[in-house]
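**Q** My structure file run.cif, mmCIF, C-alpha atoms and all ligand atoms, is below:
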```cif
data_run
loop_
_atom_site.label_atom_id
_atom_site.label_comp_id
_atom_site.auth_asym_id
_atom_site.auth_seq_id
_atom_site.Cartn_x
_atom_site.Cartn_y
_atom_site.Cartn_z
CA MET A 1 124.60 3.00 -130.69
CA ASN A 2 122.12 0.40 -131.79
CA GLN A 3 124.36 -2.63 -131.91
CA THR A 4 122.92 -6.13 -131.91
CA GLN A 5 123.10 -8.29 -128.81
CA THR A 6 126.25 -9.96 -130.08
CA GLY A 7 127.82 -6.49 -130.31
CA ALA A 8 127.83 -6.25 -134.14
CA ALA A 9 127.28 -2.75 -135.49
CA VAL A 10 124.13 -2.35 -137.61
CA LEU A 11 124.61 -0.95 -141.11
CA ILE A 12 122.20 0.04 -143.89
CA ASN A 13 123.60 -0.59 -147.32
CA VAL A 14 121.93 1.81 -149.79
CA ASP A 15 122.52 1.24 -153.51
CA ASP A 16 120.17 0.96 -156.49
CA HIS A 17 122.52 -1.37 -158.29
CA GLU A 18 121.66 -4.85 -157.13
CA ALA A 19 124.97 -6.56 -157.92
CA THR A 20 127.02 -3.85 -156.16
CA ARG A 21 124.69 -3.98 -153.19
CA TYR A 22 125.04 -7.73 -152.99
CA VAL A 23 128.85 -7.71 -153.13
CA ARG A 24 129.08 -4.96 -150.52
CA LYS A 25 126.70 -6.75 -148.19
CA ARG A 26 128.79 -9.95 -148.40
CA VAL A 27 132.00 -8.06 -147.67
CA LEU A 28 130.51 -6.25 -144.67
CA GLU A 29 128.79 -9.32 -143.22
CA LYS A 30 132.04 -11.21 -143.51
CA ALA A 31 133.67 -8.42 -141.52
CA GLY A 32 131.13 -9.05 -138.72
CA PHE A 33 128.55 -6.30 -139.31
CA GLN A 34 124.80 -6.78 -139.41
CA VAL A 35 123.69 -5.39 -142.77
CA HIS A 36 120.24 -4.36 -144.12
CA ASP A 37 119.79 -3.44 -147.78
CA ALA A 38 117.90 -0.49 -149.27
CA GLU A 39 117.53 -0.01 -153.03
CA ASN A 40 116.55 3.68 -152.99
CA GLY A 41 116.33 6.81 -150.83
CA THR A 42 112.78 6.21 -149.58
CA ALA A 43 113.62 2.67 -148.46
CA ALA A 44 116.78 3.99 -146.79
CA LEU A 45 114.84 6.56 -144.72
CA ARG A 46 112.29 3.95 -143.70
CA LEU A 47 114.97 1.41 -142.70
CA VAL A 48 116.88 4.01 -140.67
CA ASP A 49 113.69 4.66 -138.71
CA GLU A 50 113.03 0.97 -138.25
CA LYS A 51 116.51 -0.43 -137.57
CA ARG A 52 118.22 2.52 -135.84
CA PRO A 53 121.56 1.69 -137.49
CA ASP A 54 125.01 2.87 -136.48
CA LEU A 55 126.05 3.71 -140.02
CA VAL A 56 124.50 4.14 -143.47
CA LEU A 57 126.50 3.34 -146.55
CA MET A 58 124.99 5.82 -148.97
CA ASP A 59 125.23 5.64 -152.75
CA VAL A 60 124.95 9.23 -154.02
CA HIS A 61 123.04 8.41 -157.22
CA LEU A 62 119.68 6.95 -156.32
CA PRO A 63 116.58 6.76 -158.54
CA ASP A 64 114.14 8.65 -156.26
CA ILE A 65 115.77 10.98 -153.71
CA ASP A 66 119.50 11.39 -154.25
CA GLY A 67 121.95 10.31 -151.53
CA ILE A 68 122.97 13.88 -150.66
CA GLU A 69 119.36 14.84 -149.94
CA VAL A 70 118.78 11.62 -147.92
CA THR A 71 121.89 12.50 -145.88
CA ARG A 72 120.66 16.06 -145.33
CA ARG A 73 117.31 14.76 -144.05
CA LEU A 74 118.97 12.28 -141.73
CA LYS A 75 121.37 14.84 -140.31
CA SER A 76 118.73 17.52 -139.83
CA HIS A 77 116.44 15.31 -137.75
CA PRO A 78 117.38 15.04 -134.05
CA ARG A 79 116.35 11.38 -133.93
CA THR A 80 118.68 10.36 -136.77
CA ALA A 81 121.39 13.06 -136.67
CA ALA A 82 123.81 10.80 -134.80
CA VAL A 83 123.68 8.03 -137.45
CA LEU A 84 126.98 7.96 -139.35
CA VAL A 85 126.79 8.37 -143.12
CA LEU A 86 129.51 7.12 -145.42
CA GLN A 87 128.82 8.34 -148.94
CA ILE A 88 129.94 6.41 -151.99
CA SER A 89 129.85 7.97 -155.42
CA ALA A 90 130.85 7.32 -158.94
CA SER A 91 134.39 8.11 -159.99
CA ALA A 92 133.00 10.76 -162.34
CA ILE A 93 132.03 13.03 -159.39
CA THR A 94 133.49 16.52 -159.41
CA ALA A 95 135.29 18.21 -156.51
CA PRO A 96 132.36 20.63 -155.80
CA GLN A 97 129.99 17.64 -155.69
CA ALA A 98 132.27 15.88 -153.23
CA THR A 99 132.44 19.02 -151.10
CA ALA A 100 128.65 19.38 -151.23
CA ALA A 101 128.28 15.79 -150.02
CA LEU A 102 130.48 16.39 -146.99
CA ASN A 103 128.89 19.77 -146.33
CA THR A 104 125.45 18.20 -145.98
CA GLY A 105 126.83 16.29 -143.05
CA ALA A 106 128.24 13.03 -144.43
CA ASP A 107 130.87 11.66 -142.04
CA GLY A 108 133.05 10.07 -144.71
CA TYR A 109 133.42 9.75 -148.41
CA LEU A 110 134.58 7.01 -150.79
CA VAL A 111 134.78 6.95 -154.59
CA GLU A 112 134.01 3.96 -156.80
CA PRO A 113 135.51 1.48 -157.34
CA VAL A 114 135.77 0.85 -153.63
CA ASP A 115 138.34 -1.68 -152.50
CA PRO A 116 136.65 -4.13 -150.04
CA ASP A 117 139.43 -3.80 -147.44
CA VAL A 118 139.33 0.00 -147.65
CA LEU A 119 135.53 -0.12 -147.23
CA VAL A 120 135.70 -2.28 -144.08
CA ALA A 121 138.60 -0.25 -142.63
CA THR A 122 136.77 3.04 -143.29
CA VAL A 123 133.55 1.77 -141.68
CA ARG A 124 135.51 0.54 -138.65
CA SER A 125 137.42 3.80 -138.31
CA LEU A 126 134.20 5.87 -138.43
CA LEU A 127 132.59 3.62 -135.80
CA ARG A 128 135.69 3.94 -133.60
CA LEU A 129 135.62 7.73 -133.88
CA ARG A 130 131.94 7.74 -132.98
CA ALA A 131 132.63 5.54 -129.93
CA VAL A 132 135.34 7.94 -128.75
CA GLU A 133 133.03 10.90 -129.35
CA ARG A 134 130.31 9.20 -127.28
CA ALA A 135 132.74 8.41 -124.47
CA LEU A 136 133.84 12.05 -124.46
CA ASN A 137 130.24 13.21 -124.36
CA ASN A 138 129.60 10.89 -121.43
CA VAL A 139 132.63 12.23 -119.58
CA ASN A 140 131.48 15.78 -120.31
CA GLN A 141 128.02 15.00 -119.05
CA GLU A 142 129.46 13.43 -115.90
CA LEU A 143 131.61 16.51 -115.37
CA ALA A 144 128.64 18.79 -115.81
CA ASP A 145 126.64 16.66 -113.33
CA LYS A 146 129.52 16.76 -110.85
CA ASN A 147 129.73 20.52 -111.26
CA VAL A 148 126.06 20.92 -110.43
CA GLU A 149 126.54 18.66 -107.41
CA LEU A 150 129.62 20.63 -106.30
CA THR A 151 127.76 23.92 -106.52
CA ARG A 152 124.95 22.43 -104.45
CA VAL A 153 127.34 21.08 -101.80
CA ASN A 154 129.15 24.42 -101.76
CA GLN A 155 125.95 26.30 -101.14
CA ALA A 156 124.94 23.87 -98.39
CA LEU A 157 128.39 24.25 -96.80
CA ARG A 158 128.21 28.03 -96.91
CA ARG A 159 124.76 27.96 -95.34
CA SER A 160 125.83 25.60 -92.56
CA ASN A 161 128.94 27.71 -91.99
CA GLU A 162 126.82 30.82 -91.65
CA ASP A 163 124.50 28.98 -89.26
CA LEU A 164 127.48 27.88 -87.17
CA GLU A 165 128.86 31.41 -87.06
CA ARG A 166 125.49 32.73 -85.96
CA PHE A 167 125.24 29.96 -83.36
CA ALA A 168 128.72 30.77 -82.00
CA TYR A 169 127.88 34.46 -81.91
CA ILE A 170 124.56 34.09 -80.11
CA GLY A 171 125.89 31.29 -77.86
CA SER A 172 128.90 33.35 -76.79
CA HIS A 173 126.77 36.37 -76.20
CA ASP A 174 124.38 34.48 -73.93
CA LEU A 175 127.23 32.79 -72.02
CA GLN A 176 128.71 36.12 -70.98
CA GLU A 177 125.78 36.99 -68.76
CA PRO A 178 125.90 34.05 -66.25
CA LEU A 179 129.68 34.25 -66.24
CA ARG A 180 129.56 37.92 -65.30
CA ASN A 181 127.20 36.90 -62.47
CA ILE A 182 129.70 34.36 -61.14
CA THR A 183 132.60 36.84 -61.21
CA THR A 184 130.60 39.64 -59.62
CA HIS A 185 129.25 37.42 -56.83
CA ILE A 186 132.59 35.85 -56.04
CA GLN A 187 134.08 39.33 -55.76
CA LEU A 188 131.12 40.45 -53.64
CA LEU A 189 131.44 37.44 -51.37
CA ASP A 190 135.13 38.12 -50.95
CA ARG A 191 134.54 41.80 -50.22
CA LEU A 192 131.61 41.32 -47.78
CA SER A 193 132.67 38.24 -45.91
CA GLY A 194 136.28 37.71 -46.91
CA ASP A 195 137.50 37.87 -43.29
CA ARG A 196 135.33 34.90 -42.34
CA PHE A 197 137.24 32.59 -44.70
CA SER A 198 140.66 31.07 -44.19
CA GLU A 199 143.58 31.94 -46.49
CA SER A 200 143.30 28.64 -48.39
CA GLU A 201 139.54 29.18 -48.89
CA ARG A 202 140.22 32.63 -50.26
CA GLN A 203 142.77 31.12 -52.62
CA LEU A 204 140.00 28.84 -53.89
CA PHE A 205 137.91 31.93 -54.61
CA ALA A 206 140.81 33.37 -56.55
CA VAL A 207 141.06 30.18 -58.63
CA ILE A 208 137.33 30.36 -59.44
CA GLU A 209 137.59 34.03 -60.30
CA ASN A 210 140.63 33.47 -62.52
CA GLY A 211 138.91 30.63 -64.33
CA ALA A 212 135.83 32.77 -64.89
CA LEU A 213 137.96 35.65 -66.18
CA ARG A 214 139.84 33.34 -68.57
CA MET A 215 136.56 31.96 -69.82
CA SER A 216 135.20 35.45 -70.25
CA THR A 217 138.22 36.45 -72.36
CA LEU A 218 137.79 33.33 -74.46
CA ILE A 219 134.10 34.06 -74.97
CA SER A 220 134.71 37.66 -75.99
CA ASP A 221 137.40 36.52 -78.41
CA VAL A 222 135.06 33.94 -79.95
CA LEU A 223 132.42 36.64 -80.05
CA ALA A 224 134.81 39.00 -81.81
CA TYR A 225 135.90 36.25 -84.20
CA SER A 226 132.37 35.26 -85.21
CA GLY A 227 131.23 38.90 -85.02
CA ILE A 228 133.70 39.85 -87.76
CA ALA A 229 132.11 37.21 -90.00
CA GLN A 230 128.63 38.55 -89.26
CA GLN A 231 129.33 42.02 -90.58
CA GLN A 232 131.23 43.13 -93.65
CA PRO A 233 133.53 45.99 -92.55
CA SER A 234 132.62 49.35 -93.98
CA LEU A 235 135.82 50.23 -95.78
CA GLN A 236 136.72 53.91 -95.74
CA PRO A 237 139.91 55.86 -96.21
CA THR A 238 141.61 55.22 -92.90
CA SER A 239 144.94 56.31 -91.51
CA LEU A 240 147.03 53.33 -90.40
CA ASP A 241 148.87 55.76 -88.10
CA ASP A 242 145.59 56.30 -86.22
CA SER A 243 144.87 52.56 -85.97
CA LEU A 244 148.37 51.96 -84.64
CA ALA A 245 148.01 54.79 -82.12
CA LEU A 246 144.74 53.21 -80.89
CA ALA A 247 146.48 49.87 -80.41
CA LEU A 248 149.48 51.39 -78.61
CA GLN A 249 147.19 53.25 -76.27
CA ASP A 250 145.51 49.99 -75.26
CA LEU A 251 148.86 48.27 -74.92
CA SER A 252 150.64 51.01 -72.97
CA GLU A 253 150.64 49.03 -69.71
CA SER A 254 151.99 45.80 -71.14
CA VAL A 255 154.57 47.70 -73.23
CA ALA A 256 155.83 49.40 -70.08
CA ALA A 257 155.68 46.21 -67.99
CA ALA A 258 157.80 44.31 -70.55
CA ASP A 259 160.16 47.27 -71.07
CA ALA A 260 159.39 46.87 -74.78
CA ASN A 261 160.73 49.22 -77.41
CA VAL A 262 158.04 49.79 -80.06
CA THR A 263 159.16 51.89 -83.03
CA PHE A 264 157.33 52.74 -86.24
CA GLU A 265 157.61 54.66 -89.47
CA PRO A 266 154.91 56.93 -90.89
CA LEU A 267 152.19 54.66 -92.26
CA PRO A 268 149.95 55.37 -95.26
CA SER A 269 146.18 55.58 -95.44
CA VAL A 270 144.30 52.50 -96.59
CA MET A 271 140.73 51.46 -97.27
CA GLY A 272 139.68 49.96 -93.97
CA ASP A 273 137.84 49.93 -90.72
CA ALA A 274 139.98 51.86 -88.20
CA ALA A 275 138.85 49.87 -85.14
CA GLN A 276 139.35 46.49 -86.79
CA LEU A 277 142.79 47.42 -88.11
CA GLY A 278 143.66 48.70 -84.63
CA ARG A 279 142.78 45.26 -83.37
CA VAL A 280 145.17 43.65 -85.85
CA PHE A 281 148.04 45.88 -84.65
CA GLN A 282 147.07 45.21 -81.05
CA ASN A 283 147.13 41.42 -81.47
CA LEU A 284 150.40 41.40 -83.39
CA ILE A 285 152.24 43.76 -81.03
CA ALA A 286 150.86 41.99 -77.94
CA ASN A 287 152.15 38.70 -79.38
CA SER A 288 155.58 40.23 -80.05
CA ILE A 289 155.72 41.12 -76.37
CA LYS A 290 154.25 37.82 -75.14
CA TYR A 291 156.55 35.67 -77.26
CA ALA A 292 159.73 37.64 -76.50
CA THR A 293 163.08 35.92 -76.09
CA PRO A 294 163.52 35.31 -72.35
CA GLY A 295 165.86 37.88 -70.84
CA VAL A 296 165.85 40.12 -73.94
CA PRO A 297 163.70 43.30 -73.93
CA PRO A 298 161.22 43.05 -76.81
CA CYS A 299 161.82 45.30 -79.82
CA VAL A 300 158.93 45.73 -82.24
CA HIS A 301 159.17 47.72 -85.44
CA ILE A 302 156.20 48.62 -87.65
CA SER A 303 156.70 49.78 -91.23
CA ALA A 304 154.81 49.87 -94.52
CA GLU A 305 155.58 50.18 -98.21
CA ARG A 306 153.74 50.18 -101.54
CA GLU A 307 153.98 46.85 -103.39
CA SER A 308 154.55 46.82 -107.14
CA GLY A 309 150.92 45.74 -107.61
CA GLY A 310 149.79 48.91 -105.79
CA ASP A 311 148.74 47.35 -102.45
CA VAL A 312 150.12 48.54 -99.13
CA LEU A 313 152.35 45.96 -97.42
CA VAL A 314 152.60 46.34 -93.64
CA ARG A 315 155.33 44.67 -91.55
CA VAL A 316 155.32 44.05 -87.82
CA LYS A 317 158.80 42.78 -86.95
CA ASP A 318 159.99 41.51 -83.57
CA ASN A 319 163.10 40.02 -81.97
CA GLY A 320 161.17 37.27 -80.17
CA ILE A 321 161.45 33.49 -79.98
CA GLY A 322 160.44 32.99 -83.62
CA ILE A 323 158.30 30.20 -85.09
CA GLY A 324 159.31 26.87 -86.65
CA ALA A 325 158.70 26.48 -90.39
CA GLU A 326 156.14 23.71 -89.81
CA HIS A 327 153.88 26.08 -87.82
CA LEU A 328 153.94 29.17 -90.05
CA GLU A 329 150.55 28.41 -91.65
CA LYS A 330 148.83 26.67 -88.76
CA ILE A 331 149.15 29.50 -86.25
CA PHE A 332 146.48 31.43 -88.19
CA GLU A 333 143.89 28.71 -87.49
CA PRO A 334 141.45 29.34 -84.62
CA PHE A 335 142.56 27.87 -81.25
CA LYS A 336 145.96 26.86 -82.65
CA ARG A 337 148.63 27.53 -80.00
CA LEU A 338 152.24 26.49 -79.82
CA HIS A 339 152.43 27.17 -76.11
CA GLY A 340 150.95 25.87 -72.91
CA ARG A 341 149.41 27.74 -70.00
CA ASP A 342 152.80 29.28 -69.11
CA ILE A 343 152.04 31.98 -71.68
CA PRO A 344 148.43 33.21 -71.47
CA GLY A 345 146.31 33.08 -74.61
CA ASN A 346 143.58 31.12 -76.34
CA GLY A 347 144.76 30.89 -79.93
CA ILE A 348 142.17 33.23 -81.42
CA GLY A 349 144.31 36.34 -81.95
CA LEU A 350 145.93 35.47 -85.26
CA ALA A 351 142.77 33.81 -86.60
CA LEU A 352 140.99 37.08 -85.88
CA CYS A 353 143.76 39.07 -87.63
CA ARG A 354 143.45 36.83 -90.69
CA ARG A 355 139.70 37.20 -90.76
CA ILE A 356 139.93 40.98 -90.52
CA ILE A 357 142.61 41.32 -93.17
CA GLU A 358 140.83 38.96 -95.56
CA SER A 359 137.55 40.81 -95.10
CA HIS A 360 139.52 43.91 -96.16
CA GLY A 361 140.55 42.08 -99.34
CA GLY A 362 144.13 41.54 -98.16
CA ARG A 363 146.45 38.67 -97.14
CA ILE A 364 148.37 38.02 -93.96
CA TRP A 365 151.32 35.72 -93.35
CA VAL A 366 154.46 35.40 -91.29
CA ASP A 367 158.11 35.19 -92.09
CA SER A 368 160.03 33.61 -89.21
CA ARG A 369 162.61 31.15 -87.98
CA GLU A 370 162.87 29.64 -84.56
CA GLY A 371 165.16 31.77 -82.40
CA GLU A 372 165.44 34.56 -84.97
CA GLY A 373 162.35 36.72 -84.42
CA SER A 374 159.24 36.99 -86.58
CA THR A 375 157.90 39.42 -89.14
CA PHE A 376 154.14 39.41 -89.63
CA LEU A 377 153.13 40.88 -93.00
CA PHE A 378 149.76 41.91 -94.34
CA THR A 379 148.45 43.70 -97.39
CA LEU A 380 145.67 46.27 -97.68
CA ARG A 381 144.28 48.42 -100.47
CA PRO A 382 145.60 51.95 -100.46
CA ALA A 383 143.04 54.69 -99.81
CA ALA A 384 143.86 56.62 -102.99
CA GLN A 385 143.43 53.65 -105.30
CA ALA A 386 140.06 52.67 -103.88
CA VAL A 387 138.83 56.28 -103.94
CA SER A 388 139.72 56.60 -107.60
CA HIS A 389 137.56 53.50 -108.36
CA ARG A 390 134.42 55.23 -107.20
P1 LIG B 1 147.61 33.13 -78.58
O1 LIG B 1 148.66 34.17 -78.51
O2 LIG B 1 146.40 33.47 -77.80
O3 LIG B 1 148.11 31.76 -78.29
P2 LIG B 1 147.48 33.69 -81.41
O4 LIG B 1 146.47 33.26 -82.39
O5 LIG B 1 147.71 35.14 -81.25
O6 LIG B 1 147.04 33.02 -80.06
O7 LIG B 1 148.85 33.02 -81.80
C1 LIG B 1 148.89 31.64 -82.10
C2 LIG B 1 150.26 31.07 -81.79
O8 LIG B 1 151.24 31.62 -82.66
C3 LIG B 1 150.75 31.44 -80.41
O9 LIG B 1 150.29 30.49 -79.45
C4 LIG B 1 152.25 31.42 -80.56
O10 LIG B 1 152.71 30.11 -80.39
C5 LIG B 1 152.48 31.79 -82.02
N1 LIG B 1 152.87 33.21 -82.17
C6 LIG B 1 152.06 34.25 -82.43
N2 LIG B 1 152.76 35.39 -82.52
C7 LIG B 1 154.05 35.08 -82.31
C8 LIG B 1 155.27 35.83 -82.29
N3 LIG B 1 155.31 37.14 -82.53
N4 LIG B 1 156.40 35.15 -82.06
C9 LIG B 1 156.39 33.82 -81.84
N5 LIG B 1 155.29 33.06 -81.83
C10 LIG B 1 154.13 33.68 -82.08
#
```
Once more with this new file: its structure as C-alpha cells, please.

**A**
Amino acid sequence: MNQTQTGAAVLINVDDHEATRYVRKRVLEKAGFQVHDAENGTAALRLVDEKRPDLVLMDVHLPDIDGIEVTRRLKSHPRTAAVLVLQISASAITAPQATAALNTGADGYLVEPVDPDVLVATVRSLLRLRAVERALNNVNQELADKNVELTRVNQALRRSNEDLERFAYIGSHDLQEPLRNITTHIQLLDRLSGDRFSESERQLFAVIENGALRMSTLISDVLAYSGIAQQQPSLQPTSLDDSLALALQDLSESVAAADANVTFEPLPSVMGDAAQLGRVFQNLIANSIKYATPGVPPCVHISAERESGGDVLVRVKDNGIGIGAEHLEKIFEPFKRLHGRDIPGNGIGLALCRRIIESHGGRIWVDSREGEGSTFLFTLRPAAQAVSHR
C-alpha cells in the first residue's frame, strides 16, 4: 500500500465534471486522505503509474477512455492490479452496465448522487478489506516459508538419523571383535593356567568374563536394532505358527528352567519376515518369563484374530508382575528399563519389537496393570490381503 509518511491512504479522484471532482476531493481530504485529481481516463492511468495510489475513485463516463475500460486496464496489469477501484456512475445506469463494471474487476460500486458520508465509509471499508487481505497474504506467505523450512529440517534430520544408524551399526560391528578377543583369552588363561591362581583371583576373571559377555549381548542387540533400520524386511506370506515355533525352540531352556506354561492357538499367515517375527515372539515370551510374579510359575498364552479393518491382531498374554500405566509407552523406547541389575536385560528388546512391527506396517502396544499381568498386542497384514494387492 502506497500510503504517505503520515499514514494517509493515497486516492485518485477521476471525474470529468470539475465541480463534482472538487466537492469529492474536499470531502475525502477532510476525511484524512491524500487526493490527486484526474479529469479523464488517460490522466487517470498516468497518475496511477506516478502516484501508486491505494484506491481510484472512478467515474464511469469519461470523455476519452470510459471508466470501465480504464478499470480493465488497471486490473489486467500486474503492476496496478492491486489498486482498489471504486466506480461511480450516473443514476441512469442499467443493471447489466453495473454488472459489467464489477465484472471488469471494480472492487466497489456507487451510484450518483453519492452521499459524502457513504462515500467516505465505502472508501474506508474497501481499504480495511484490502489491509486484511494483505495481512492474510503475509500470513500465508509466512506459512509457506515455514513449510519449506520444515521440509528442509526434516530432510536434514532424516539424513542425520540415517548417519547415526549407520554409525551405530558399524561401531557395534567393530567393537565385537576386540571383545571376543578379551573373552577368548580370559577363558584360555583360565583353562591353561587356572591352577596357578587363587580362588579370589579366579573370581576376578569371572567378573571380567561376565562383564565382557554382558557387553557383547548389548552390542549384538544394538547391532540388531540398528541392523533392522538398515534393511527393509522382505515381506512374504509367512506362517506365524512357524515364527512362534522358531522362538520356542530358542527359548526351550529358559521355559523349562522357569517351569513356564506356554500355550498357543493356531495362528494365521501374515506378510512378514519369518526370522524377524520369530524375534518378536522370542523377546515377548522371554520377557513374560523374566518378569514373572515371584513364586508363581509363568503362564504365557499366544493368540491371534482378524480385526474389523482386516489386519491380524496378535496377543501375547502373561500372568507376570504387570506394568504401571505411566510406563506403558516408555518401555518401547531403546534402553528404557523399569528394573535394575537383579533382572538381566539392556532395554533393547521391546524397542527392537517395535521397530520390526513398524517396518512390517503394523503397530505394537501393551495392555497391563501393575500386579495383574500384561498383554502385548501387535498388528500385521494378513498374507491373503497383501497377495491379492499384487
Ligand atoms: P529388558 O527386558 O532388556 O529390560 P525390554 O525392552 O524387553 O528390555 O523391556 C523394557 C522394560 O519393560 C523391562 O525392563 C521391563 O521393566 C518391562 N517389561 C517388558 N516386558 C514385560 C512384561 N511381560 N511384564 C512386565 N514388565 C515388562

**Q** Using all atoms listed in the file, determine which residues lie at most 8 Å from A:Asp190, disregarding the query and same-chain residues fewer than 4 positions distant; provide the list as a list in words.

**A**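 The residues satisfying every condition are Ile186, Gly194, Arg202 and Phe205 of chain A.
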
**Q** For stretch 245-256 of chain A, what centre and edge lengths in Å (one decimal) does the axis-aligned box get once 5 Å is added on each side of all its listed atoms, as JSON?

**A**
```
{"center_x": 150.3, "center_y": 50.3, "center_z": -75.9, "size_x": 21.1, "size_y": 19.0, "size_z": 22.4}
```

**Q** When the cut-off is 6 Å and you count all atoms listed in the file, which residues lie near ligand LIG 1 (chain B), shown as a list in words?

**A**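 Counting only what the definition allows, namely all atoms listed in the file, the set is Asn287, Ser288, Tyr291, Gly320, Ile321, Gly322, Ile323, Ile331, Lys336, Arg337, Leu338, His339, Gly345, Asn346, Gly347, Ile348, Gly349, Leu350, Ala351 and Ser374 of chain A.
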
**Q** Quick one, how far is atom CA of A:Asp15 from atom CA of A:Pro78?

**A** 24.4 Å

**Q** Choose the residue, out of A:Val139, A:Ala224, A:Leu126, A:Leu28, that has the smallest atom-to-atom separation from A:His173; count all atoms listed in the file.

**A**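 The answer is A:Ala224, which sits nearest to A:His173.
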
**Q** Here's a test: counting only C-alpha atoms, identify every protein, DNA and RNA residue with an atom at most 9 Å from (134.9, 11.8, -144.5) in the file's coordinate frame, and state them as a short mmCIF file (atom, residue, chain, number, x, y, z; two decimals) with C-alpha atoms, in the frame of the given file.

**A**
```cif
data_model
loop_
_atom_site.label_atom_id
_atom_site.label_comp_id
_atom_site.auth_asym_id
_atom_site.auth_seq_id
_atom_site.Cartn_x
_atom_site.Cartn_y
_atom_site.Cartn_z
CA VAL A 85 126.79 8.37 -143.12
CA LEU A 86 129.51 7.12 -145.42
CA GLN A 87 128.82 8.34 -148.94
CA LEU A 102 130.48 16.39 -146.99
CA ALA A 106 128.24 13.03 -144.43
CA ASP A 107 130.87 11.66 -142.04
CA GLY A 108 133.05 10.07 -144.71
CA TYR A 109 133.42 9.75 -148.41
CA LEU A 110 134.58 7.01 -150.79
CA LEU A 126 134.20 5.87 -138.43
#
```

**Q** Provide the atom CA of A:Gly211 to atom CA of A:Ala286 distance in Å, to one decimal place.

**A**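 Atom-to-atom, atom CA of A:Gly211 to atom CA of A:Ala286, that is 21.4 Å.
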
**Q** For A:Leu240, which residue among A:Leu380, A:Leu223, A:Leu204, A:Asn154 is the nearest when counting all atoms listed in the file?

**A**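 Using all atoms listed in the file, the shortest distance to A:Leu240 belongs to A:Leu380.
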
**Q** Quick check, in Å to one decimal: how far apart do atom CA of A:Asp311 and atom CA of A:Gln249 lie?

**A** 26.9 Å

**Q** Env of A:Val114: 12 Å cut, atoms = all atoms listed in the file, seq-sep filter 6 positions within chain, self excluded. Answer as a list of chain:residue names.

**A**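 In the requested form, the answer reads A:Thr20, A:Val23, A:Arg24, A:Val27, A:Leu57, A:Asp59, A:Gln87, A:Ile88, A:Ser89, A:Ala90, A:Ser91, A:Val120, A:Ala121, A:Thr122.
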
**Q** Can you pull out every residue within 12 Å of A:Leu251, counting only C-alpha atoms, but drop anything in the same chain fewer than 3 positions away, and send it as a list in words?

**A**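 In the requested format, the answer is Leu244, Ala245, Leu246, Ala247, Leu248, Ser254, Val255, Ala256, Ala257, Ala258, Asp259, Ala260, Val262, Gly278, Arg279, Phe281, Gln282, Asn283, Leu284, Ile285, Ala286, Asn287, Ser288, Ile289 and Lys290 of chain A.
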
**Q** Calculated over all atoms listed in the file, which of the candidates A:Arg21, A:Arg124, A:Asn210, A:Arg52 has the smallest distance to A:Phe33?

**A**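 Closest to A:Phe33 of all the choices is A:Arg124.
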
**Q** Rank A:Ala135, A:Ser193, A:Ile228, A:Leu179 by their smallest atom-to-atom distance to A:Glu209, using all atoms listed in the file, and report the top residue only.

**A**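 Using all atoms listed in the file, the shortest distance to A:Glu209 belongs to A:Leu179.
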
**Q** Between A:Pro233, A:Gly362, A:Gly272, A:Gly373, which is the closest to A:His301 once you count all atoms listed in the file?

**A**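 Using all atoms listed in the file, the shortest distance to A:His301 belongs to A:Gly373.
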
**Q** With distances taken over all atoms listed in the file, which of A:Ser359, A:Ser220, A:Asn103, A:Thr80 is nearest to A:Ile68?

**A**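 Closest candidate: A:Asn103.
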
**Q** As a list of chain:residue names, please: the residues near A:Thr71 (cut-off 7 Å, all atoms listed in the file, same-chain neighbours under 2 positions excluded).

**A**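 That gives A:Gly67, A:Ile68, A:Glu69, A:Arg73, A:Leu74, A:Lys75, A:Val85, A:Thr104, A:Gly105, A:Ala106.
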
**Q** Can you pull out the residues contacting A:Leu11? Cut-off 7 Å, using only C-alpha atoms, and skip same-chain residues under 2 positions away; I want them as a PDB file with C-alpha atoms, keeping the file's coordinate frame.

**A**
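Once everything was written out, this is around_17.pdb:
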```
ATOM      1  CA  ALA A   9     127.280  -2.750-135.490  1.00  0.00           C
ATOM      2  CA  ASN A  13     123.600  -0.590-147.320  1.00  0.00           C
ATOM      3  CA  PHE A  33     128.550  -6.300-139.310  1.00  0.00           C
ATOM      4  CA  GLN A  34     124.800  -6.780-139.410  1.00  0.00           C
ATOM      5  CA  VAL A  35     123.690  -5.390-142.770  1.00  0.00           C
ATOM      6  CA  HIS A  36     120.240  -4.360-144.120  1.00  0.00           C
ATOM      7  CA  PRO A  53     121.560   1.690-137.490  1.00  0.00           C
ATOM      8  CA  ASP A  54     125.010   2.870-136.480  1.00  0.00           C
ATOM      9  CA  LEU A  55     126.050   3.710-140.020  1.00  0.00           C
ATOM     10  CA  VAL A  56     124.500   4.140-143.470  1.00  0.00           C
TER      11      VAL A  56
END
```
